[in-house]
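my_file.pdb (PDB, N, CA and C atoms)
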ATOM      1  N   GLY A  10      40.980  -0.768  -1.658
ATOM      2  CA  GLY A  10      40.044   0.234  -2.108
ATOM      3  C   GLY A  10      40.757   1.476  -2.615
ATOM      4  N   THR A  11      39.983   2.469  -2.911
ATOM      5  CA  THR A  11      40.537   3.715  -3.446
ATOM      6  C   THR A  11      40.714   4.777  -2.375
ATOM      7  N   GLY A  12      40.258   4.486  -1.174
ATOM      8  CA  GLY A  12      40.410   5.443  -0.080
ATOM      9  C   GLY A  12      39.279   6.444  -0.030
ATOM     10  N   MET A  13      39.337   7.232   0.995
ATOM     11  CA  MET A  13      38.290   8.234   1.179
ATOM     12  C   MET A  13      38.306   9.240   0.034
ATOM     13  N   ARG A  14      37.209   9.940  -0.110
ATOM     14  CA  ARG A  14      37.108  10.985  -1.128
ATOM     15  C   ARG A  14      37.178  12.344  -0.437
ATOM     16  N   LEU A  15      37.790  13.295  -1.121
ATOM     17  CA  LEU A  15      37.927  14.643  -0.588
ATOM     18  C   LEU A  15      37.987  15.635  -1.736
ATOM     19  N   ASN A  16      37.846  16.926  -1.421
ATOM     20  CA  ASN A  16      37.976  17.953  -2.456
ATOM     21  C   ASN A  16      39.052  18.958  -2.035
ATOM     22  N   PRO A  17      40.333  18.584  -2.314
ATOM     23  CA  PRO A  17      41.450  19.443  -1.933
ATOM     24  C   PRO A  17      41.458  20.739  -2.747
ATOM     25  N   ILE A  18      42.072  21.764  -2.165
ATOM     26  CA  ILE A  18      42.131  23.069  -2.829
ATOM     27  C   ILE A  18      43.590  23.485  -2.991
ATOM     28  N   TYR A  19      43.898  24.080  -4.123
ATOM     29  CA  TYR A  19      45.238  24.610  -4.391
ATOM     30  C   TYR A  19      45.464  25.826  -3.504
ATOM     31  N   VAL A  20      46.664  25.973  -3.006
ATOM     32  CA  VAL A  20      46.976  27.006  -2.014
ATOM     33  C   VAL A  20      46.640  28.417  -2.502
ATOM     34  N   GLU A  21      46.884  28.731  -3.763
ATOM     35  CA  GLU A  21      46.571  30.081  -4.250
ATOM     36  C   GLU A  21      45.065  30.322  -4.312
ATOM     37  N   ASP A  22      44.291  29.275  -4.601
ATOM     38  CA  ASP A  22      42.835  29.408  -4.567
ATOM     39  C   ASP A  22      42.352  29.607  -3.132
ATOM     40  N   ALA A  23      42.973  28.912  -2.176
ATOM     41  CA  ALA A  23      42.612  29.094  -0.764
ATOM     42  C   ALA A  23      42.959  30.506  -0.311
ATOM     43  N   ALA A  24      44.105  31.016  -0.745
ATOM     44  CA  ALA A  24      44.495  32.382  -0.391
ATOM     45  C   ALA A  24      43.523  33.394  -0.997
ATOM     46  N   ALA A  25      43.116  33.175  -2.240
ATOM     47  CA  ALA A  25      42.158  34.085  -2.886
ATOM     48  C   ALA A  25      40.824  34.085  -2.147
ATOM     49  N   ALA A  26      40.378  32.913  -1.687
ATOM     50  CA  ALA A  26      39.129  32.833  -0.923
ATOM     51  C   ALA A  26      39.265  33.565   0.407
ATOM     52  N   THR A  27      40.418  33.452   1.036
ATOM     53  CA  THR A  27      40.661  34.149   2.304
ATOM     54  C   THR A  27      40.620  35.656   2.104
ATOM     55  N   ILE A  28      41.258  36.141   1.059
ATOM     56  CA  ILE A  28      41.252  37.577   0.766
ATOM     57  C   ILE A  28      39.836  38.047   0.459
ATOM     58  N   ALA A  29      39.091  37.263  -0.320
ATOM     59  CA  ALA A  29      37.700  37.622  -0.629
ATOM     60  C   ALA A  29      36.864  37.683   0.647
ATOM     61  N   ALA A  30      37.112  36.770   1.575
ATOM     62  CA  ALA A  30      36.376  36.774   2.847
ATOM     63  C   ALA A  30      36.718  38.012   3.667
ATOM     64  N   LEU A  31      37.978  38.397   3.664
ATOM     65  CA  LEU A  31      38.396  39.587   4.413
ATOM     66  C   LEU A  31      37.799  40.859   3.828
ATOM     67  N   ASP A  32      37.546  40.858   2.535
ATOM     68  CA  ASP A  32      36.979  42.030   1.869
ATOM     69  C   ASP A  32      35.462  42.151   2.044
ATOM     70  N   ARG A  33      34.828  41.116   2.582
ATOM     71  CA  ARG A  33      33.374  41.122   2.761
ATOM     72  C   ARG A  33      32.997  41.754   4.093
ATOM     73  N   ASP A  34      31.837  42.383   4.123
ATOM     74  CA  ASP A  34      31.285  42.879   5.380
ATOM     75  C   ASP A  34      30.530  41.743   6.054
ATOM     76  N   GLY A  35      30.532  41.752   7.371
ATOM     77  CA  GLY A  35      29.773  40.750   8.107
ATOM     78  C   GLY A  35      30.527  39.445   8.254
ATOM     79  N   ALA A  36      29.868  38.511   8.892
ATOM     80  CA  ALA A  36      30.476  37.209   9.151
ATOM     81  C   ALA A  36      29.644  36.118   8.500
ATOM     82  N   ALA A  37      30.304  35.057   8.116
ATOM     83  CA  ALA A  37      29.613  33.902   7.540
ATOM     84  C   ALA A  37      30.485  32.670   7.739
ATOM     85  N   VAL A  38      29.855  31.537   7.892
ATOM     86  CA  VAL A  38      30.571  30.268   7.942
ATOM     87  C   VAL A  38      30.596  29.715   6.523
ATOM     88  N   VAL A  39      31.807  29.496   6.006
ATOM     89  CA  VAL A  39      31.960  29.067   4.618
ATOM     90  C   VAL A  39      33.032  27.981   4.546
ATOM     91  N   ASN A  40      32.702  26.856   3.930
ATOM     92  CA  ASN A  40      33.718  25.846   3.637
ATOM     93  C   ASN A  40      34.553  26.343   2.467
ATOM     94  N   VAL A  41      35.855  26.136   2.539
ATOM     95  CA  VAL A  41      36.742  26.474   1.430
ATOM     96  C   VAL A  41      37.371  25.168   0.959
ATOM     97  N   ALA A  42      37.048  24.779  -0.268
ATOM     98  CA  ALA A  42      37.527  23.512  -0.809
ATOM     99  C   ALA A  42      37.650  23.626  -2.320
ATOM    100  N   GLY A  43      38.306  22.646  -2.898
ATOM    101  CA  GLY A  43      38.544  22.656  -4.329
ATOM    102  C   GLY A  43      37.332  22.254  -5.149
ATOM    103  N   PRO A  44      37.429  22.440  -6.471
ATOM    104  CA  PRO A  44      36.297  22.194  -7.356
ATOM    105  C   PRO A  44      36.093  20.730  -7.741
ATOM    106  N   GLU A  45      37.030  19.855  -7.390
ATOM    107  CA  GLU A  45      36.934  18.450  -7.790
ATOM    108  C   GLU A  45      36.938  17.535  -6.575
ATOM    109  N   VAL A  46      36.161  16.479  -6.644
ATOM    110  CA  VAL A  46      36.193  15.429  -5.629
ATOM    111  C   VAL A  46      37.045  14.294  -6.186
ATOM    112  N   VAL A  47      38.068  13.900  -5.425
ATOM    113  CA  VAL A  47      38.980  12.833  -5.842
ATOM    114  C   VAL A  47      39.141  11.838  -4.703
ATOM    115  N   THR A  48      39.649  10.670  -5.024
ATOM    116  CA  THR A  48      39.952   9.699  -3.976
ATOM    117  C   THR A  48      41.358   9.963  -3.443
ATOM    118  N   MET A  49      41.594   9.518  -2.232
ATOM    119  CA  MET A  49      42.928   9.659  -1.652
ATOM    120  C   MET A  49      43.955   8.930  -2.515
ATOM    121  N   ARG A  50      43.564   7.780  -3.058
ATOM    122  CA  ARG A  50      44.485   7.026  -3.917
ATOM    123  C   ARG A  50      44.850   7.837  -5.160
ATOM    124  N   SER A  51      43.867   8.424  -5.827
ATOM    125  CA  SER A  51      44.170   9.183  -7.046
ATOM    126  C   SER A  51      45.013  10.415  -6.732
ATOM    127  N   LEU A  52      44.788  11.034  -5.579
ATOM    128  CA  LEU A  52      45.612  12.174  -5.175
ATOM    129  C   LEU A  52      47.049  11.726  -4.922
ATOM    130  N   ALA A  53      47.217  10.609  -4.215
ATOM    131  CA  ALA A  53      48.563  10.090  -3.955
ATOM    132  C   ALA A  53      49.265   9.714  -5.256
ATOM    133  N   GLU A  54      48.530   9.136  -6.194
ATOM    134  CA  GLU A  54      49.126   8.782  -7.483
ATOM    135  C   GLU A  54      49.550  10.024  -8.258
ATOM    136  N   ALA A  55      48.743  11.071  -8.225
ATOM    137  CA  ALA A  55      49.104  12.324  -8.902
ATOM    138  C   ALA A  55      50.352  12.937  -8.267
ATOM    139  N   LEU A  56      50.417  12.914  -6.936
ATOM    140  CA  LEU A  56      51.606  13.421  -6.244
ATOM    141  C   LEU A  56      52.828  12.586  -6.603
ATOM    142  N   GLY A  57      52.666  11.266  -6.621
ATOM    143  CA  GLY A  57      53.766  10.383  -6.991
ATOM    144  C   GLY A  57      54.264  10.649  -8.399
ATOM    145  N   ASP A  58      53.344  10.844  -9.341
ATOM    146  CA  ASP A  58      53.733  11.163 -10.717
ATOM    147  C   ASP A  58      54.521  12.465 -10.772
ATOM    148  N   ALA A  59      54.091  13.454 -10.001
ATOM    149  CA  ALA A  59      54.741  14.769 -10.028
ATOM    150  C   ALA A  59      56.157  14.728  -9.475
ATOM    151  N   ILE A  60      56.386  13.881  -8.476
ATOM    152  CA  ILE A  60      57.725  13.843  -7.867
ATOM    153  C   ILE A  60      58.549  12.651  -8.329
ATOM    154  N   GLY A  61      57.968  11.811  -9.172
ATOM    155  CA  GLY A  61      58.704  10.672  -9.703
ATOM    156  C   GLY A  61      58.892   9.536  -8.718
ATOM    157  N   ALA A  62      57.956   9.343  -7.828
ATOM    158  CA  ALA A  62      58.034   8.254  -6.851
ATOM    159  C   ALA A  62      56.654   7.624  -6.713
ATOM    160  N   ALA A  63      56.583   6.334  -6.957
ATOM    161  CA  ALA A  63      55.293   5.647  -6.861
ATOM    162  C   ALA A  63      54.886   5.499  -5.397
ATOM    163  N   PRO A  64      53.660   5.864  -5.064
ATOM    164  CA  PRO A  64      53.208   5.686  -3.680
ATOM    165  C   PRO A  64      53.004   4.205  -3.372
ATOM    166  N   ARG A  65      53.158   3.868  -2.102
ATOM    167  CA  ARG A  65      52.867   2.507  -1.641
ATOM    168  C   ARG A  65      51.603   2.572  -0.811
ATOM    169  N   PHE A  66      50.727   1.632  -1.019
ATOM    170  CA  PHE A  66      49.448   1.619  -0.328
ATOM    171  C   PHE A  66      49.353   0.396   0.568
ATOM    172  N   GLU A  67      48.731   0.571   1.711
ATOM    173  CA  GLU A  67      48.449  -0.533   2.616
ATOM    174  C   GLU A  67      46.943  -0.612   2.809
ATOM    175  N   ASP A  68      46.457  -1.827   2.955
ATOM    176  CA  ASP A  68      45.033  -1.994   3.225
ATOM    177  C   ASP A  68      44.709  -1.432   4.596
ATOM    178  N   ALA A  69      43.617  -0.740   4.682
ATOM    179  CA  ALA A  69      43.166  -0.151   5.944
ATOM    180  C   ALA A  69      41.645  -0.158   5.947
ATOM    181  N   PRO A  70      41.062  -0.075   7.122
ATOM    182  CA  PRO A  70      39.602   0.012   7.170
ATOM    183  C   PRO A  70      39.128   1.247   6.399
ATOM    184  N   PRO A  71      37.959   1.164   5.799
ATOM    185  CA  PRO A  71      37.442   2.320   5.052
ATOM    186  C   PRO A  71      37.343   3.561   5.938
ATOM    187  N   ALA A  72      37.709   4.678   5.377
ATOM    188  CA  ALA A  72      37.626   5.959   6.096
ATOM    189  C   ALA A  72      36.464   6.766   5.526
ATOM    190  N   ALA A  73      35.890   7.591   6.363
ATOM    191  CA  ALA A  73      34.779   8.444   5.924
ATOM    192  C   ALA A  73      35.283   9.489   4.931
ATOM    193  N   ASP A  74      34.446   9.823   3.974
ATOM    194  CA  ASP A  74      34.773  10.877   3.015
ATOM    195  C   ASP A  74      34.823  12.226   3.723
ATOM    196  N   ILE A  75      35.642  13.120   3.190
ATOM    197  CA  ILE A  75      35.724  14.500   3.684
ATOM    198  C   ILE A  75      35.448  15.402   2.486
ATOM    199  N   ILE A  76      34.182  15.554   2.163
ATOM    200  CA  ILE A  76      33.786  16.354   1.007
ATOM    201  C   ILE A  76      33.015  17.565   1.512
ATOM    202  N   ALA A  77      33.611  18.723   1.328
ATOM    203  CA  ALA A  77      32.980  19.959   1.792
ATOM    204  C   ALA A  77      31.947  20.441   0.783
ATOM    205  N   SER A  78      30.831  20.913   1.276
ATOM    206  CA  SER A  78      29.863  21.579   0.416
ATOM    207  C   SER A  78      30.424  22.954   0.079
ATOM    208  N   THR A  79      30.498  23.271  -1.197
ATOM    209  CA  THR A  79      31.113  24.533  -1.616
ATOM    210  C   THR A  79      30.102  25.532  -2.177
ATOM    211  N   ALA A  80      28.821  25.307  -1.935
ATOM    212  CA  ALA A  80      27.792  26.206  -2.469
ATOM    213  C   ALA A  80      27.956  27.628  -1.935
ATOM    214  N   ARG A  81      28.163  27.780  -0.629
ATOM    215  CA  ARG A  81      28.321  29.130  -0.064
ATOM    216  C   ARG A  81      29.634  29.754  -0.514
ATOM    217  N   GLN A  82      30.656  28.948  -0.662
ATOM    218  CA  GLN A  82      31.930  29.455  -1.168
ATOM    219  C   GLN A  82      31.724  30.068  -2.548
ATOM    220  N   ALA A  83      31.041  29.349  -3.425
ATOM    221  CA  ALA A  83      30.792  29.856  -4.778
ATOM    222  C   ALA A  83      29.977  31.138  -4.736
ATOM    223  N   GLU A  84      28.981  31.180  -3.877
ATOM    224  CA  GLU A  84      28.099  32.344  -3.769
ATOM    225  C   GLU A  84      28.820  33.561  -3.201
ATOM    226  N   LEU A  85      29.612  33.368  -2.157
ATOM    227  CA  LEU A  85      30.195  34.501  -1.436
ATOM    228  C   LEU A  85      31.639  34.825  -1.816
ATOM    229  N   LEU A  86      32.411  33.811  -2.205
ATOM    230  CA  LEU A  86      33.850  34.022  -2.385
ATOM    231  C   LEU A  86      34.357  33.692  -3.779
ATOM    232  N   GLY A  87      33.519  33.081  -4.584
ATOM    233  CA  GLY A  87      33.945  32.679  -5.915
ATOM    234  C   GLY A  87      34.289  31.203  -5.966
ATOM    235  N   VAL A  88      34.521  30.726  -7.166
ATOM    236  CA  VAL A  88      34.812  29.314  -7.401
ATOM    237  C   VAL A  88      36.303  29.162  -7.684
ATOM    238  N   PRO A  89      36.980  28.237  -7.016
ATOM    239  CA  PRO A  89      38.399  28.010  -7.304
ATOM    240  C   PRO A  89      38.586  27.606  -8.769
ATOM    241  N   SER A  90      39.679  28.035  -9.356
ATOM    242  CA  SER A  90      39.883  27.760 -10.776
ATOM    243  C   SER A  90      40.912  26.673 -11.045
ATOM    244  N   THR A  91      41.589  26.194 -10.023
ATOM    245  CA  THR A  91      42.677  25.245 -10.212
ATOM    246  C   THR A  91      42.227  23.837  -9.846
ATOM    247  N   GLY A  92      42.264  22.934 -10.815
ATOM    248  CA  GLY A  92      41.918  21.542 -10.564
ATOM    249  C   GLY A  92      43.050  20.806  -9.871
ATOM    250  N   VAL A  93      42.785  19.590  -9.476
ATOM    251  CA  VAL A  93      43.755  18.803  -8.715
ATOM    252  C   VAL A  93      45.034  18.561  -9.503
ATOM    253  N   GLU A  94      44.928  18.053 -10.711
ATOM    254  CA  GLU A  94      46.131  17.756 -11.504
ATOM    255  C   GLU A  94      46.976  19.012 -11.714
ATOM    256  N   GLU A  95      46.329  20.115 -12.062
ATOM    257  CA  GLU A  95      47.066  21.362 -12.275
ATOM    258  C   GLU A  95      47.714  21.833 -10.978
ATOM    259  N   GLY A  96      46.980  21.780  -9.870
ATOM    260  CA  GLY A  96      47.522  22.211  -8.584
ATOM    261  C   GLY A  96      48.710  21.381  -8.142
ATOM    262  N   VAL A  97      48.618  20.072  -8.336
ATOM    263  CA  VAL A  97      49.745  19.193  -7.994
ATOM    264  C   VAL A  97      50.941  19.543  -8.869
ATOM    265  N   GLY A  98      50.704  19.749 -10.154
ATOM    266  CA  GLY A  98      51.795  20.112 -11.056
ATOM    267  C   GLY A  98      52.451  21.427 -10.678
ATOM    268  N   LEU A  99      51.643  22.415 -10.321
ATOM    269  CA  LEU A  99      52.187  23.714  -9.924
ATOM    270  C   LEU A  99      52.971  23.623  -8.617
ATOM    271  N   THR A 100      52.514  22.774  -7.712
ATOM    272  CA  THR A 100      53.154  22.666  -6.403
ATOM    273  C   THR A 100      54.384  21.772  -6.428
ATOM    274  N   PHE A 101      54.297  20.636  -7.105
ATOM    275  CA  PHE A 101      55.362  19.637  -7.037
ATOM    276  C   PHE A 101      55.996  19.330  -8.378
ATOM    277  N   GLY A 102      55.628  20.064  -9.409
ATOM    278  CA  GLY A 102      56.103  19.765 -10.754
ATOM    279  C   GLY A 102      57.552  20.147 -10.991
ATOM    280  N   ALA A 103      57.900  20.165 -12.249
ATOM    281  CA  ALA A 103      59.271  20.455 -12.674
ATOM    282  C   ALA A 103      59.754  21.778 -12.109
ATOM    283  N   GLY A 104      61.005  21.788 -11.720
ATOM    284  CA  GLY A 104      61.619  23.003 -11.202
ATOM    285  C   GLY A 104      61.420  23.214  -9.717
ATOM    286  N   ARG A 105      60.735  22.316  -9.059
ATOM    287  CA  ARG A 105      60.524  22.459  -7.611
ATOM    288  C   ARG A 105      61.556  21.668  -6.867
TER     289      ARG A 105
END

In structure tokens, how does this file's structure come out?
Amino acid sequence: GTGMRLNPIYVEDAAAATIAALDRDGAAVVNVAGPEVVTMRSLAEALGDAIGAAPRFEDAPPAADIIASTARQAELLGVPSTGVEEGVGLTFGAGR
């Protein structure tokens, strides 16, 4: 299979959301996640492409998806601007 689905967030977008939360008055429970839902397989393949090493996959029982609702994040903290491919490239791309 393609593995569970998740919406990973680029570290700078997570930091920006944290700063926005600190600047707000009051308290709120907010999921912080990325703007795209991807499969674990596609994320591993993107990471492999970035570092030049093909991932190896083993069959495993299906895992539950980990997809955060980001509606409150968008409302209170803004929308992350970095997609998965760009974030992987910035983190693991050339020169790293």

### Residue neighbourhood region 18-25 of chain A, 9 Å, only C-alpha atoms, exclusion window fewer than 3 positions, as number ranges by chain
A: 28-30, 41-45, 86-93, 95-97, 99-100

### Message
Run DSSP on the backbone and tell me which residues of region 12-69 of chain A come out as strand (DSSP E); list them as a ChimeraX atom specification.
### Response
/A:14-15,47-48

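With CA of Val46 (chain A) on one side and atom C of Thr11 (chain A) on the other, the separation reads 12.0 Å.
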
#### Entry: Those of chain A in DSSP helix (DSSP H, G or I), formatted as a VMD selection string
chain A and resid 20 to 31 49 to 60 80 to 85 93 to 101

### Query
Which one is closest to Arg50 (chain A): A:Gly12, A:Gly102, A:Ala36, A:Ala26? Count only N, CA and C atoms.
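When distances to Arg50 (chain A) are compared using only N, CA and C atoms, the smallest one comes from A:Gly12.
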
#### Entry: Picked residues, the PyMOL selection byres ((chain A and resi 49) around 8), expected as a ChimeraX atom specification
/A:11-15,46-48,50-55

### Query
Residues at most 6 Å from Arg81 (chain A), counting only C-alpha atoms, excluding those fewer than 3 positions away in the same chain, as a list in words?
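Once the adjacent positions are removed, what remains is Val39, Glu84 and Leu85 of chain A.
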
#### Entry: Given all atoms listed in the file as the counted atoms, nearest of A:Asn40, A:Phe101, A:Gly61, A:Glu94 to Ser78 (chain A)
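Of A:Asn40, A:Phe101, A:Gly61, A:Glu94, the one nearest Ser78 (chain A) is A:Asn40, counting all atoms listed in the file.
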
### Query
When you draw a straight line from atom N of Asp34 (chain A) to atom N of Ile75 (chain A), how long is it in Å?
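Atom N of Asp34 (chain A) sits 29.5 Å away from atom N of Ile75 (chain A).
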
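Relative to CA of Thr27 (chain A), CA of Ala73 (chain A) is found at 26.6 Å.
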